[in-house]
>>> print(open('input.cif').read())   # mmCIF, C-alpha atoms
data_protein
loop_
_atom_site.group_PDB
_atom_site.id
_atom_site.type_symbol
_atom_site.label_atom_id
_atom_site.label_comp_id
_atom_site.auth_asym_id
_atom_site.auth_seq_id
_atom_site.Cartn_x
_atom_site.Cartn_y
_atom_site.Cartn_z
ATOM 1 C CA MET A 2 -20.625 9.258 -5.943
ATOM 2 C CA GLU A 3 -22.164 7.662 -9.005
ATOM 3 C CA THR A 4 -20.926 4.252 -10.124
ATOM 4 C CA LYS A 5 -20.409 3.516 -13.816
ATOM 5 C CA ILE A 6 -21.870 0.017 -14.181
ATOM 6 C CA ILE A 7 -19.877 -2.458 -16.268
ATOM 7 C CA SER A 8 -21.776 -5.684 -15.554
ATOM 8 C CA GLU A 9 -24.484 -7.206 -13.348
ATOM 9 C CA GLN A 10 -25.361 -10.816 -12.622
ATOM 10 C CA MET A 11 -27.412 -12.735 -10.106
ATOM 11 C CA ALA A 12 -25.515 -13.687 -6.949
ATOM 12 C CA ASP A 13 -25.844 -16.874 -4.924
ATOM 13 C CA ILE A 14 -26.674 -15.045 -1.707
ATOM 14 C CA LYS A 15 -29.824 -13.652 -0.100
ATOM 15 C CA SER A 16 -30.300 -9.996 0.677
ATOM 16 C CA PRO A 17 -29.653 -9.123 4.331
ATOM 17 C CA ILE A 18 -32.248 -6.373 3.820
ATOM 18 C CA THR A 19 -35.209 -8.333 2.471
ATOM 19 C CA GLY A 20 -34.056 -11.948 2.317
ATOM 20 C CA GLY A 21 -34.710 -11.849 -1.413
ATOM 21 C CA PRO A 22 -32.516 -12.163 -4.506
ATOM 22 C CA VAL A 23 -29.317 -10.164 -4.998
ATOM 23 C CA ARG A 24 -27.357 -9.007 -8.024
ATOM 24 C CA GLU A 25 -23.574 -8.670 -8.032
ATOM 25 C CA VAL A 26 -22.577 -5.416 -9.717
ATOM 26 C CA ARG A 27 -19.166 -4.576 -11.163
ATOM 27 C CA GLY A 28 -18.267 -1.066 -12.121
ATOM 28 C CA VAL A 29 -16.022 1.942 -11.676
ATOM 29 C CA LYS A 30 -16.511 4.550 -8.993
ATOM 30 C CA LYS A 31 -14.719 7.820 -8.316
ATOM 31 C CA PHE A 32 -13.025 8.076 -4.926
ATOM 32 C CA ASP A 33 -11.262 11.035 -3.389
ATOM 33 C CA PHE A 34 -8.000 10.221 -1.630
ATOM 34 C CA ARG A 35 -5.546 12.812 -0.341
ATOM 35 C CA ASN A 36 -7.065 15.613 -2.391
ATOM 36 C CA GLU A 37 -7.034 13.631 -5.641
ATOM 37 C CA THR A 38 -9.776 11.720 -7.458
ATOM 38 C CA TYR A 39 -9.294 8.183 -8.736
ATOM 39 C CA ASP A 40 -11.462 5.885 -10.889
ATOM 40 C CA VAL A 41 -11.494 2.643 -8.931
ATOM 41 C CA PRO A 42 -12.912 -0.735 -9.989
ATOM 42 C CA VAL A 43 -15.607 -1.792 -7.529
ATOM 43 C CA ARG A 44 -17.751 -4.825 -6.880
ATOM 44 C CA PHE A 45 -20.842 -4.757 -4.672
ATOM 45 C CA TYR A 46 -24.226 -6.357 -4.167
ATOM 46 C CA LYS A 47 -27.616 -4.844 -4.880
ATOM 47 C CA CYS A 48 -30.863 -6.092 -3.378
ATOM 48 C CA VAL A 49 -33.272 -6.705 -6.266
ATOM 49 C CA GLU A 50 -36.358 -5.757 -4.223
ATOM 50 C CA SER A 51 -35.130 -2.693 -2.293
ATOM 51 C CA GLN A 52 -32.393 -1.620 -4.747
ATOM 52 C CA GLU A 53 -30.137 -0.976 -1.742
ATOM 53 C CA GLU A 54 -26.421 -1.582 -2.234
ATOM 54 C CA PHE A 55 -24.190 -3.411 0.225
ATOM 55 C CA THR A 56 -20.708 -4.892 0.273
ATOM 56 C CA SER A 57 -18.775 -7.674 1.925
ATOM 57 C CA GLY A 58 -15.531 -7.057 3.779
ATOM 58 C CA GLU A 59 -13.703 -8.715 0.891
ATOM 59 C CA GLN A 60 -15.226 -6.289 -1.618
ATOM 60 C CA ASP A 61 -14.314 -3.301 0.558
ATOM 61 C CA GLU A 62 -10.734 -4.588 0.772
ATOM 62 C CA GLU A 63 -10.588 -4.963 -3.032
ATOM 63 C CA TRP A 64 -11.539 -1.377 -3.805
ATOM 64 C CA SER A 65 -9.381 0.125 -1.053
ATOM 65 C CA SER A 66 -6.413 -1.954 -2.216
ATOM 66 C CA SER A 67 -7.011 -0.775 -5.801
ATOM 67 C CA LEU A 68 -7.276 2.844 -4.676
ATOM 68 C CA TYR A 69 -4.026 2.652 -2.712
ATOM 69 C CA SER A 70 -2.273 0.963 -5.651
ATOM 70 C CA LEU A 71 -3.391 3.727 -8.014
ATOM 71 C CA TYR A 72 -2.089 6.380 -5.598
ATOM 72 C CA ARG A 73 1.236 4.564 -5.146
ATOM 73 C CA GLU A 74 1.632 4.143 -8.904
ATOM 74 C CA LYS A 75 0.892 7.804 -9.620
ATOM 75 C CA HIS A 76 3.395 9.033 -7.026
ATOM 76 C CA GLY A 77 6.092 6.390 -7.504
ATOM 77 C CA ILE A 78 5.615 4.949 -4.023
ATOM 78 C CA PRO A 79 6.690 1.332 -3.440
ATOM 79 C CA SER A 80 4.153 -1.276 -2.350
ATOM 80 C CA PRO A 81 4.230 -2.861 1.123
ATOM 81 C CA GLU A 82 5.681 -6.029 -0.406
ATOM 82 C CA GLU A 83 8.437 -4.073 -2.174
ATOM 83 C CA ILE A 84 9.372 -2.233 1.026
ATOM 84 C CA LYS A 85 9.579 -5.414 3.079
ATOM 85 C CA GLU A 86 11.426 -7.305 0.334
ATOM 86 C CA PHE A 87 13.952 -4.457 0.019
ATOM 87 C CA ARG A 88 14.545 -4.344 3.778
ATOM 88 C CA GLU A 89 14.970 -8.115 3.972
ATOM 89 C CA LYS A 90 17.223 -8.223 0.888
ATOM 90 C CA ASN A 91 19.524 -5.757 2.641
ATOM 91 C CA GLU A 92 19.259 -7.789 5.864
ATOM 92 C CA LEU A 93 18.117 -4.763 7.855
ATOM 93 C CA SER A 94 15.800 -4.786 10.832
ATOM 94 C CA LEU A 95 12.881 -2.359 10.938
ATOM 95 C CA GLN A 96 14.799 -0.389 13.551
ATOM 96 C CA GLU A 97 17.926 -0.154 11.396
ATOM 97 C CA LEU A 98 16.099 0.934 8.238
ATOM 98 C CA SER A 99 13.937 3.419 10.121
ATOM 99 C CA SER A 100 17.091 4.945 11.671
ATOM 100 C CA ILE A 101 18.769 5.256 8.285
ATOM 101 C CA LEU A 102 15.683 6.890 6.754
ATOM 102 C CA GLY A 103 14.850 9.074 9.750
ATOM 103 C CA LEU A 104 11.383 7.520 10.011
ATOM 104 C CA ASP A 105 9.653 6.253 13.122
ATOM 105 C CA GLU A 106 9.892 2.459 13.354
ATOM 106 C CA TYR A 107 6.126 2.200 13.975
ATOM 107 C CA ILE A 108 5.432 4.183 10.775
ATOM 108 C CA LEU A 109 7.694 1.905 8.726
ATOM 109 C CA THR A 110 5.955 -1.120 10.225
ATOM 110 C CA GLN A 111 2.596 0.318 9.186
ATOM 111 C CA TYR A 112 3.871 0.907 5.623
ATOM 112 C CA GLU A 113 4.942 -2.744 5.413
ATOM 113 C CA LYS A 114 1.444 -3.728 6.575
ATOM 114 C CA GLY A 115 -0.275 -1.694 3.845
ATOM 115 C CA GLU A 116 -0.651 1.836 5.205
ATOM 116 C CA VAL A 117 -0.006 4.359 2.446
ATOM 117 C CA PRO A 118 2.957 6.665 3.085
ATOM 118 C CA ASN A 119 2.503 10.371 2.571
ATOM 119 C CA GLU A 120 4.012 11.569 -0.688
ATOM 120 C CA ALA A 121 7.306 12.803 0.835
ATOM 121 C CA GLU A 122 7.989 9.611 2.803
ATOM 122 C CA GLY A 123 6.920 7.512 -0.168
ATOM 123 C CA LYS A 124 9.421 9.274 -2.393
ATOM 124 C CA LEU A 125 12.132 8.843 0.261
ATOM 125 C CA LEU A 126 11.424 5.100 0.338
ATOM 126 C CA SER A 127 11.446 4.919 -3.443
ATOM 127 C CA LEU A 128 14.673 6.894 -3.670
ATOM 128 C CA CYS A 129 16.486 4.769 -1.080
ATOM 129 C CA MET A 130 15.563 1.648 -3.055
ATOM 130 C CA ARG A 131 17.374 2.847 -6.174
ATOM 131 C CA ASP A 132 21.021 2.457 -7.126
ATOM 132 C CA ASN A 133 23.371 2.947 -4.182
ATOM 133 C CA ASN A 134 21.172 5.488 -2.423
ATOM 134 C CA LEU A 135 20.789 3.399 0.724
ATOM 135 C CA ILE A 136 24.587 3.334 1.121
ATOM 136 C CA THR A 137 24.599 7.122 0.672
ATOM 137 C CA LEU A 138 21.895 7.575 3.305
ATOM 138 C CA LEU A 139 23.749 5.265 5.677
ATOM 139 C CA GLY A 140 26.871 7.405 5.196
ATOM 140 C CA ILE A 141 24.914 10.569 6.000
ATOM 141 C CA CYS A 142 23.796 9.161 9.348
ATOM 142 C CA LYS A 143 27.036 7.285 10.100
ATOM 143 C CA ASN A 144 27.516 9.082 13.426
ATOM 144 C CA GLN A 145 24.204 7.740 14.762
ATOM 145 C CA PHE A 146 25.663 4.255 14.977
ATOM 146 C CA SER A 147 28.608 2.638 16.682
ATOM 147 C CA LYS A 148 31.502 1.751 14.400
ATOM 148 C CA ASP A 149 30.557 -1.950 14.558
ATOM 149 C CA GLU A 150 26.864 -1.268 13.818
ATOM 150 C CA TYR A 151 27.747 0.973 10.873
ATOM 151 C CA GLU A 152 30.228 -1.507 9.392
ATOM 152 C CA SER A 153 27.788 -4.395 9.808
ATOM 153 C CA MET A 154 24.994 -2.510 8.036
ATOM 154 C CA TYR A 155 27.358 -1.260 5.337
ATOM 155 C CA ASP A 156 28.576 -4.805 4.633
ATOM 156 C CA ARG A 157 25.023 -6.210 4.460
ATOM 157 C CA ILE A 158 23.803 -3.429 2.164
ATOM 158 C CA HIS A 159 26.898 -3.606 -0.011
ATOM 159 C CA SER A 160 26.500 -7.390 -0.376
ATOM 160 C CA ALA A 161 22.865 -6.956 -1.443
ATOM 161 C CA ILE A 162 23.854 -4.476 -4.150
ATOM 162 C CA GLN A 163 26.338 -6.861 -5.803
#
>>> encode(input="input.cif", output="C-alpha coordinates")
Amino acid sequence: METKIISEQMADIKSPITGGPVREVRGVKKFDFRNETYDVPVRFYKCVESQEEFTSGEQDEEWSSSLYSLYREKHGIPSPEEIKEFREKNELSLQELSSILGLDEYILTQYEKGEVPNEAEGKLLSLCMRDNNLITLLGICKNQFSKDEYESMYDRIHSAIQ
(Lines of atoms letter the chains of each structure in order from A and count residues from 1; the text may use other names and numbers.)
(Lines give C-alpha, C1' and ligand atoms only; values in the text may rest on other atoms or scores of the structure.)
Protein backbone atom coordinates (compact mmCIF):
# COMPACT_ATOMS: atom_id res chain seq x y z
CA MET A 1 0.00 0.00 0.00
CA GLU A 2 1.09 3.56 -0.67
CA THR A 3 2.73 5.54 2.12
CA LYS A 4 1.85 9.19 2.66
CA ILE A 5 5.25 10.79 3.29
CA ILE A 6 5.45 13.31 6.13
CA SER A 7 9.22 13.85 6.34
CA GLU A 8 12.56 12.54 5.07
CA GLN A 9 16.08 13.08 6.35
CA MET A 10 19.49 11.53 5.87
CA ALA A 11 20.23 8.63 8.22
CA ASP A 12 23.55 7.75 9.83
CA ILE A 13 23.59 4.24 8.40
CA LYS A 14 24.70 2.64 5.14
CA SER A 15 22.35 0.82 2.82
CA PRO A 16 22.49 -2.97 3.19
CA ILE A 17 21.57 -3.06 -0.51
CA THR A 18 24.25 -0.85 -2.04
CA GLY A 19 26.41 0.30 0.86
CA GLY A 20 25.49 3.86 -0.04
CA PRO A 21 23.57 6.63 1.73
CA VAL A 22 20.13 6.12 3.29
CA ARG A 23 17.21 8.40 4.06
CA GLU A 24 14.92 7.88 7.05
CA VAL A 25 11.31 8.35 5.99
CA ARG A 26 8.36 9.07 8.28
CA GLY A 27 4.83 8.78 7.06
CA VAL A 28 1.42 7.18 7.35
CA LYS A 29 0.50 3.89 5.75
CA LYS A 30 -2.79 2.03 5.54
CA PHE A 31 -2.81 -1.44 7.09
CA ASP A 32 -5.58 -4.00 7.09
CA PHE A 33 -6.12 -5.77 10.40
CA ARG A 34 -9.04 -8.07 11.16
CA ASN A 35 -11.08 -6.84 8.21
CA GLU A 36 -10.59 -3.16 9.05
CA THR A 37 -8.21 -0.54 7.64
CA TYR A 38 -6.11 1.71 9.85
CA ASP A 39 -3.85 4.70 9.10
CA VAL A 40 -0.67 3.87 10.98
CA PRO A 41 2.39 6.07 11.54
CA VAL A 42 5.45 4.38 10.05
CA ARG A 43 9.17 4.95 9.94
CA PHE A 44 11.48 3.19 7.49
CA TYR A 45 14.70 3.58 5.56
CA LYS A 46 15.10 4.16 1.85
CA CYS A 47 18.30 3.49 -0.08
CA VAL A 48 19.14 6.68 -2.00
CA GLU A 49 20.70 4.80 -4.93
CA SER A 50 18.27 1.89 -5.40
CA GLN A 51 15.18 3.56 -3.89
CA GLU A 52 14.44 0.28 -2.10
CA GLU A 53 12.76 0.52 1.30
CA PHE A 54 13.79 -1.48 4.35
CA THR A 55 13.10 -1.45 8.07
CA SER A 56 14.77 -2.36 11.32
CA GLY A 57 13.15 -4.66 13.86
CA GLU A 58 12.54 -1.62 16.05
CA GLN A 59 10.66 0.16 13.27
CA ASP A 60 8.53 -2.93 12.59
CA GLU A 61 7.69 -3.13 16.30
CA GLU A 62 6.69 0.56 16.32
CA TRP A 63 4.14 0.28 13.53
CA SER A 64 2.70 -3.02 14.74
CA SER A 65 2.36 -1.61 18.26
CA SER A 66 0.61 1.48 16.84
CA LEU A 67 -1.72 -0.68 14.75
CA TYR A 68 -2.67 -2.84 17.73
CA SER A 69 -3.23 0.27 19.88
CA LEU A 70 -5.56 1.76 17.26
CA TYR A 71 -7.55 -1.49 17.11
CA ARG A 72 -7.76 -1.72 20.91
CA GLU A 73 -8.85 1.92 21.17
CA LYS A 74 -11.55 1.53 18.52
CA HIS A 75 -13.01 -1.58 20.16
CA GLY A 76 -12.54 -0.60 23.81
CA ILE A 77 -10.05 -3.39 24.46
CA PRO A 78 -7.61 -2.93 27.36
CA SER A 79 -3.86 -2.86 26.73
CA PRO A 80 -1.55 -5.66 27.93
CA GLU A 81 -0.34 -3.39 30.74
CA GLU A 82 -3.91 -2.64 31.85
CA ILE A 83 -4.82 -6.33 31.89
CA LYS A 84 -1.79 -7.30 33.95
CA GLU A 85 -2.18 -4.33 36.30
CA PHE A 86 -5.85 -5.20 36.85
CA ARG A 87 -5.05 -8.85 37.58
CA GLU A 88 -2.27 -7.90 39.99
CA LYS A 89 -4.38 -5.21 41.69
CA ASN A 90 -6.98 -7.89 42.43
CA GLU A 91 -4.21 -10.27 43.56
CA LEU A 92 -5.33 -12.96 41.13
CA SER A 93 -3.12 -15.51 39.44
CA LEU A 94 -3.42 -16.04 35.69
CA GLN A 95 -5.15 -19.33 36.44
CA GLU A 96 -7.69 -17.72 38.76
CA LEU A 97 -8.58 -14.87 36.39
CA SER A 98 -8.76 -17.18 33.39
CA SER A 99 -11.15 -19.47 35.33
CA ILE A 100 -13.37 -16.56 36.29
CA LEU A 101 -13.49 -15.28 32.71
CA GLY A 102 -13.79 -18.69 31.07
CA LEU A 103 -10.64 -18.07 29.02
CA ASP A 104 -7.73 -20.42 28.50
CA GLU A 105 -4.81 -19.49 30.77
CA TYR A 106 -2.40 -19.57 27.81
CA ILE A 107 -4.60 -17.09 25.90
CA LEU A 108 -4.69 -14.70 28.86
CA THR A 109 -0.91 -14.98 29.16
CA GLN A 110 -0.57 -14.07 25.49
CA TYR A 111 -2.86 -11.04 25.95
CA GLU A 112 -0.65 -9.82 28.81
CA LYS A 113 2.37 -10.22 26.50
CA GLY A 114 0.82 -8.09 23.74
CA GLU A 115 -1.30 -10.43 21.63
CA VAL A 116 -4.50 -8.68 20.59
CA PRO A 117 -7.69 -10.33 21.87
CA ASN A 118 -10.51 -10.95 19.45
CA GLU A 119 -13.30 -8.42 19.81
CA ALA A 120 -15.53 -10.60 22.02
CA GLU A 121 -12.77 -11.54 24.48
CA GLY A 122 -11.51 -7.97 24.48
CA LYS A 123 -14.94 -6.69 25.44
CA LEU A 124 -15.20 -9.36 28.16
CA LEU A 125 -11.87 -8.19 29.59
CA SER A 126 -12.95 -4.57 29.41
CA LEU A 127 -16.30 -5.33 31.03
CA CYS A 128 -14.77 -7.31 33.90
CA MET A 129 -12.47 -4.38 34.66
CA ARG A 130 -15.38 -2.01 35.28
CA ASP A 131 -17.33 -1.39 38.47
CA ASN A 132 -18.03 -4.58 40.41
CA ASN A 133 -18.27 -6.79 37.33
CA LEU A 134 -15.43 -9.07 38.39
CA ILE A 135 -17.28 -9.84 41.64
CA THR A 136 -20.39 -10.60 39.57
CA LEU A 137 -18.45 -12.93 37.27
CA LEU A 138 -16.88 -14.65 40.25
CA GLY A 139 -20.38 -15.21 41.68
CA ILE A 140 -21.54 -16.74 38.39
CA CYS A 141 -18.77 -19.33 38.48
CA LYS A 142 -18.80 -19.82 42.27
CA ASN A 143 -19.39 -23.57 41.96
CA GLN A 144 -16.14 -24.05 40.02
CA PHE A 145 -14.13 -23.33 43.14
CA SER A 146 -13.89 -24.76 46.62
CA LYS A 147 -15.48 -22.65 49.34
CA ASP A 148 -12.03 -21.54 50.56
CA GLU A 149 -10.83 -20.65 47.04
CA TYR A 150 -13.99 -18.66 46.34
CA GLU A 151 -13.86 -16.77 49.64
CA SER A 152 -10.16 -15.99 49.19
CA MET A 153 -10.71 -14.60 45.69
CA TYR A 154 -13.82 -12.70 46.78
CA ASP A 155 -11.92 -11.07 49.66
CA ARG A 156 -8.98 -10.07 47.42
CA ILE A 157 -11.24 -8.64 44.72
CA HIS A 158 -13.45 -6.87 47.23
CA SER A 159 -10.40 -5.31 48.92
CA ALA A 160 -9.13 -4.03 45.55
CA ILE A 161 -12.47 -2.36 44.82
CA GLN A 162 -12.46 -0.33 48.06
>>> resolve_selection(input="input.cif", expression="the PyMOL selection byres ((chain A and resi 11-19) around 10)", output="list in words")
Glu9, Gln10, Gly20, Gly21, Pro22, Val23, Arg24, Glu25, Val26, Tyr46, Lys47, Cys48, Val49, Glu50, Ser51, Gln52, Glu53, Glu54 and Phe55 of chain A
>>> write_last_selection(input="input.cif", atoms="C-alpha atoms", output="JSON list (two decimals), in the frame of the given file")
[["chain", "number", "residue", "atom", "x", "y", "z"],
["A", 9, "GLU", "CA", -24.48, -7.21, -13.35],
["A", 10, "GLN", "CA", -25.36, -10.82, -12.62],
["A", 20, "GLY", "CA", -34.06, -11.95, 2.32],
["A", 21, "GLY", "CA", -34.71, -11.85, -1.41],
["A", 22, "PRO", "CA", -32.52, -12.16, -4.51],
["A", 23, "VAL", "CA", -29.32, -10.16, -5.00],
["A", 24, "ARG", "CA", -27.36, -9.01, -8.02],
["A", 25, "GLU", "CA", -23.57, -8.67, -8.03],
["A", 26, "VAL", "CA", -22.58, -5.42, -9.72],
["A", 46, "TYR", "CA", -24.23, -6.36, -4.17],
["A", 47, "LYS", "CA", -27.62, -4.84, -4.88],
["A", 48, "CYS", "CA", -30.86, -6.09, -3.38],
["A", 49, "VAL", "CA", -33.27, -6.70, -6.27],
["A", 50, "GLU", "CA", -36.36, -5.76, -4.22],
["A", 51, "SER", "CA", -35.13, -2.69, -2.29],
["A", 52, "GLN", "CA", -32.39, -1.62, -4.75],
["A", 53, "GLU", "CA", -30.14, -0.98, -1.74],
["A", 54, "GLU", "CA", -26.42, -1.58, -2.23],
["A", 55, "PHE", "CA", -24.19, -3.41, 0.22]]
>>> resolve_selection(input="input.cif", expression="the PyMOL selection byres ((chain A and resi 121-130) around 10)", output="NGL selection string")
:A and (73 or 76-80 or 83-84 or 87-88 or 101-104 or 108-109 or 112 or 117-120 or 131-139)
>>> write_last_selection(input="input.cif", atoms="C-alpha atoms", output="PDB file, in the frame of the given file")
ATOM      1  CA  ARG A  73       1.236   4.564  -5.146  1.00  0.00           C
ATOM      2  CA  HIS A  76       3.395   9.033  -7.026  1.00  0.00           C
ATOM      3  CA  GLY A  77       6.092   6.390  -7.504  1.00  0.00           C
ATOM      4  CA  ILE A  78       5.615   4.949  -4.023  1.00  0.00           C
ATOM      5  CA  PRO A  79       6.690   1.332  -3.440  1.00  0.00           C
ATOM      6  CA  SER A  80       4.153  -1.276  -2.350  1.00  0.00           C
ATOM      7  CA  GLU A  83       8.437  -4.073  -2.174  1.00  0.00           C
ATOM      8  CA  ILE A  84       9.372  -2.233   1.026  1.00  0.00           C
ATOM      9  CA  PHE A  87      13.952  -4.457   0.019  1.00  0.00           C
ATOM     10  CA  ARG A  88      14.545  -4.344   3.778  1.00  0.00           C
ATOM     11  CA  ILE A 101      18.769   5.256   8.285  1.00  0.00           C
ATOM     12  CA  LEU A 102      15.683   6.890   6.754  1.00  0.00           C
ATOM     13  CA  GLY A 103      14.850   9.074   9.750  1.00  0.00           C
ATOM     14  CA  LEU A 104      11.383   7.520  10.011  1.00  0.00           C
ATOM     15  CA  ILE A 108       5.432   4.183  10.775  1.00  0.00           C
ATOM     16  CA  LEU A 109       7.694   1.905   8.726  1.00  0.00           C
ATOM     17  CA  TYR A 112       3.871   0.907   5.623  1.00  0.00           C
ATOM     18  CA  VAL A 117      -0.006   4.359   2.446  1.00  0.00           C
ATOM     19  CA  PRO A 118       2.957   6.665   3.085  1.00  0.00           C
ATOM     20  CA  ASN A 119       2.503  10.371   2.571  1.00  0.00           C
ATOM     21  CA  GLU A 120       4.012  11.569  -0.688  1.00  0.00           C
ATOM     22  CA  ARG A 131      17.374   2.847  -6.174  1.00  0.00           C
ATOM     23  CA  ASP A 132      21.021   2.457  -7.126  1.00  0.00           C
ATOM     24  CA  ASN A 133      23.371   2.947  -4.182  1.00  0.00           C
ATOM     25  CA  ASN A 134      21.172   5.488  -2.423  1.00  0.00           C
ATOM     26  CA  LEU A 135      20.789   3.399   0.724  1.00  0.00           C
ATOM     27  CA  ILE A 136      24.587   3.334   1.121  1.00  0.00           C
ATOM     28  CA  THR A 137      24.599   7.122   0.672  1.00  0.00           C
ATOM     29  CA  LEU A 138      21.895   7.575   3.305  1.00  0.00           C
ATOM     30  CA  LEU A 139      23.749   5.265   5.677  1.00  0.00           C
TER      31      LEU A 139
END
>>> atom_distance(input="input.cif", atom1="CA of Asp105 in chain A", atom2="CA of Ala161 in chain A")
23.7 Å
>>> resolve_selection(input="input.cif", expression="the PyMOL selection byres ((chain A and resi 57-67) around 7)", output="ChimeraX atom specification")
/A:41-45,56,68-71
>>> atom_distance(input="input.cif", atom1="CA of Ser160 in chain A", atom2="CA of Lys85 in chain A")
17.4 Å
>>> closest_residue(input="input.cif", among="A:Lys75, A:Glu82, A:Ile158, A:Glu37", to="Lys114 in chain A", atoms="only C-alpha atoms")
A:Glu82
>>> atom_distance(input="input.cif", atom1="CA of Ser94 in chain A", atom2="CA of Arg157 in chain A")
11.3 Å
>>> decode(input="input.cif", residues="range 33-74 of chain A", atoms="N, CA and C atoms", output="tab-separated table (two decimals), in the first residue's frame")
chain	number	residue	atom	x	y	z
A	33	ASP	N	-4.37	-3.24	6.81
A	33	ASP	CA	-5.58	-4.00	7.09
A	33	ASP	C	-5.31	-4.92	8.27
A	34	PHE	N	-6.22	-4.91	9.23
A	34	PHE	CA	-6.12	-5.77	10.40
A	34	PHE	C	-7.52	-6.20	10.80
A	35	ARG	N	-7.76	-7.49	10.78
A	35	ARG	CA	-9.04	-8.07	11.16
A	35	ARG	C	-10.20	-7.39	10.42
A	36	ASN	N	-10.05	-7.35	9.12
A	36	ASN	CA	-11.08	-6.84	8.21
A	36	ASN	C	-11.38	-5.35	8.37
A	37	GLU	N	-10.44	-4.60	8.92
A	37	GLU	CA	-10.59	-3.16	9.05
A	37	GLU	C	-9.29	-2.50	8.57
A	38	THR	N	-9.38	-1.26	8.13
A	38	THR	CA	-8.21	-0.54	7.64
A	38	THR	C	-7.87	0.60	8.60
A	39	TYR	N	-6.59	0.70	8.91
A	39	TYR	CA	-6.11	1.71	9.85
A	39	TYR	C	-4.98	2.51	9.22
A	40	ASP	N	-4.95	3.83	9.50
A	40	ASP	CA	-3.85	4.70	9.10
A	40	ASP	C	-2.83	4.67	10.23
A	41	VAL	N	-1.67	4.10	9.95
A	41	VAL	CA	-0.67	3.87	10.98
A	41	VAL	C	0.60	4.67	10.70
A	42	PRO	N	1.11	5.39	11.72
A	42	PRO	CA	2.39	6.07	11.54
A	42	PRO	C	3.50	5.04	11.32
A	43	VAL	N	4.34	5.30	10.35
A	43	VAL	CA	5.45	4.38	10.05
A	43	VAL	C	6.76	5.15	9.92
A	44	ARG	N	7.83	4.41	10.11
A	44	ARG	CA	9.17	4.95	9.94
A	44	ARG	C	9.97	3.84	9.27
A	45	PHE	N	10.68	4.19	8.19
A	45	PHE	CA	11.48	3.19	7.49
A	45	PHE	C	12.66	3.88	6.81
A	46	TYR	N	13.54	3.06	6.28
A	46	TYR	CA	14.70	3.58	5.56
A	46	TYR	C	14.51	3.38	4.07
A	47	LYS	N	15.17	4.26	3.31
A	47	LYS	CA	15.10	4.16	1.85
A	47	LYS	C	16.52	4.37	1.30
A	48	CYS	N	16.99	3.40	0.55
A	48	CYS	CA	18.30	3.49	-0.08
A	48	CYS	C	18.23	4.59	-1.15
A	49	VAL	N	19.14	5.55	-1.06
A	49	VAL	CA	19.14	6.68	-2.00
A	49	VAL	C	19.40	6.19	-3.42
A	50	GLU	N	20.33	5.26	-3.59
A	50	GLU	CA	20.70	4.80	-4.93
A	50	GLU	C	19.65	3.88	-5.55
A	51	SER	N	19.20	2.87	-4.82
A	51	SER	CA	18.27	1.89	-5.40
A	51	SER	C	16.80	2.24	-5.19
A	52	GLN	N	16.54	3.17	-4.27
A	52	GLN	CA	15.18	3.56	-3.89
A	52	GLN	C	14.40	2.43	-3.19
A	53	GLU	N	15.10	1.37	-2.82
A	53	GLU	CA	14.44	0.28	-2.10
A	53	GLU	C	14.25	0.67	-0.65
A	54	GLU	N	13.09	0.23	-0.09
A	54	GLU	CA	12.76	0.52	1.30
A	54	GLU	C	13.11	-0.69	2.16
A	55	PHE	N	13.53	-0.41	3.39
A	55	PHE	CA	13.79	-1.48	4.35
A	55	PHE	C	13.56	-0.94	5.75
A	56	THR	N	13.38	-1.85	6.69
A	56	THR	CA	13.10	-1.45	8.07
A	56	THR	C	14.02	-2.20	9.02
A	57	SER	N	14.09	-1.67	10.23
A	57	SER	CA	14.77	-2.36	11.32
A	57	SER	C	13.70	-3.07	12.13
A	58	GLY	N	14.11	-3.98	12.98
A	58	GLY	CA	13.15	-4.66	13.86
A	58	GLY	C	12.42	-3.68	14.75
A	59	GLU	N	13.14	-2.66	15.20
A	59	GLU	CA	12.54	-1.62	16.05
A	59	GLU	C	11.43	-0.88	15.31
A	60	GLN	N	11.67	-0.55	14.06
A	60	GLN	CA	10.66	0.16	13.27
A	60	GLN	C	9.43	-0.72	13.03
A	61	ASP	N	9.65	-2.00	12.77
A	61	ASP	CA	8.53	-2.93	12.59
A	61	ASP	C	7.70	-3.02	13.87
A	62	GLU	N	8.38	-3.06	15.00
A	62	GLU	CA	7.69	-3.13	16.30
A	62	GLU	C	6.87	-1.86	16.54
A	63	GLU	N	7.40	-0.70	16.14
A	63	GLU	CA	6.69	0.56	16.32
A	63	GLU	C	5.36	0.57	15.57
A	64	TRP	N	5.39	0.20	14.28
A	64	TRP	CA	4.14	0.28	13.53
A	64	TRP	C	3.15	-0.79	13.97
A	65	SER	N	3.64	-1.99	14.31
A	65	SER	CA	2.70	-3.02	14.74
A	65	SER	C	2.09	-2.64	16.09
A	66	SER	N	2.88	-2.06	16.97
A	66	SER	CA	2.36	-1.61	18.26
A	66	SER	C	1.31	-0.51	18.06
A	67	SER	N	1.57	0.41	17.14
A	67	SER	CA	0.61	1.48	16.84
A	67	SER	C	-0.67	0.91	16.26
A	68	LEU	N	-0.54	-0.06	15.36
A	68	LEU	CA	-1.72	-0.68	14.75
A	68	LEU	C	-2.57	-1.36	15.82
A	69	TYR	N	-1.94	-2.14	16.67
A	69	TYR	CA	-2.67	-2.84	17.73
A	69	TYR	C	-3.34	-1.85	18.68
A	70	SER	N	-2.65	-0.75	18.99
A	70	SER	CA	-3.23	0.27	19.88
A	70	SER	C	-4.47	0.91	19.25
A	71	LEU	N	-4.40	1.18	17.95
A	71	LEU	CA	-5.56	1.76	17.26
A	71	LEU	C	-6.74	0.81	17.29
A	72	TYR	N	-6.48	-0.48	17.07
A	72	TYR	CA	-7.55	-1.49	17.11
A	72	TYR	C	-8.14	-1.57	18.52
A	73	ARG	N	-7.28	-1.64	19.53
A	73	ARG	CA	-7.76	-1.72	20.91
A	73	ARG	C	-8.61	-0.50	21.26
A	74	GLU	N	-8.13	0.68	20.87
A	74	GLU	CA	-8.85	1.92	21.17
A	74	GLU	C	-10.23	1.91	20.50
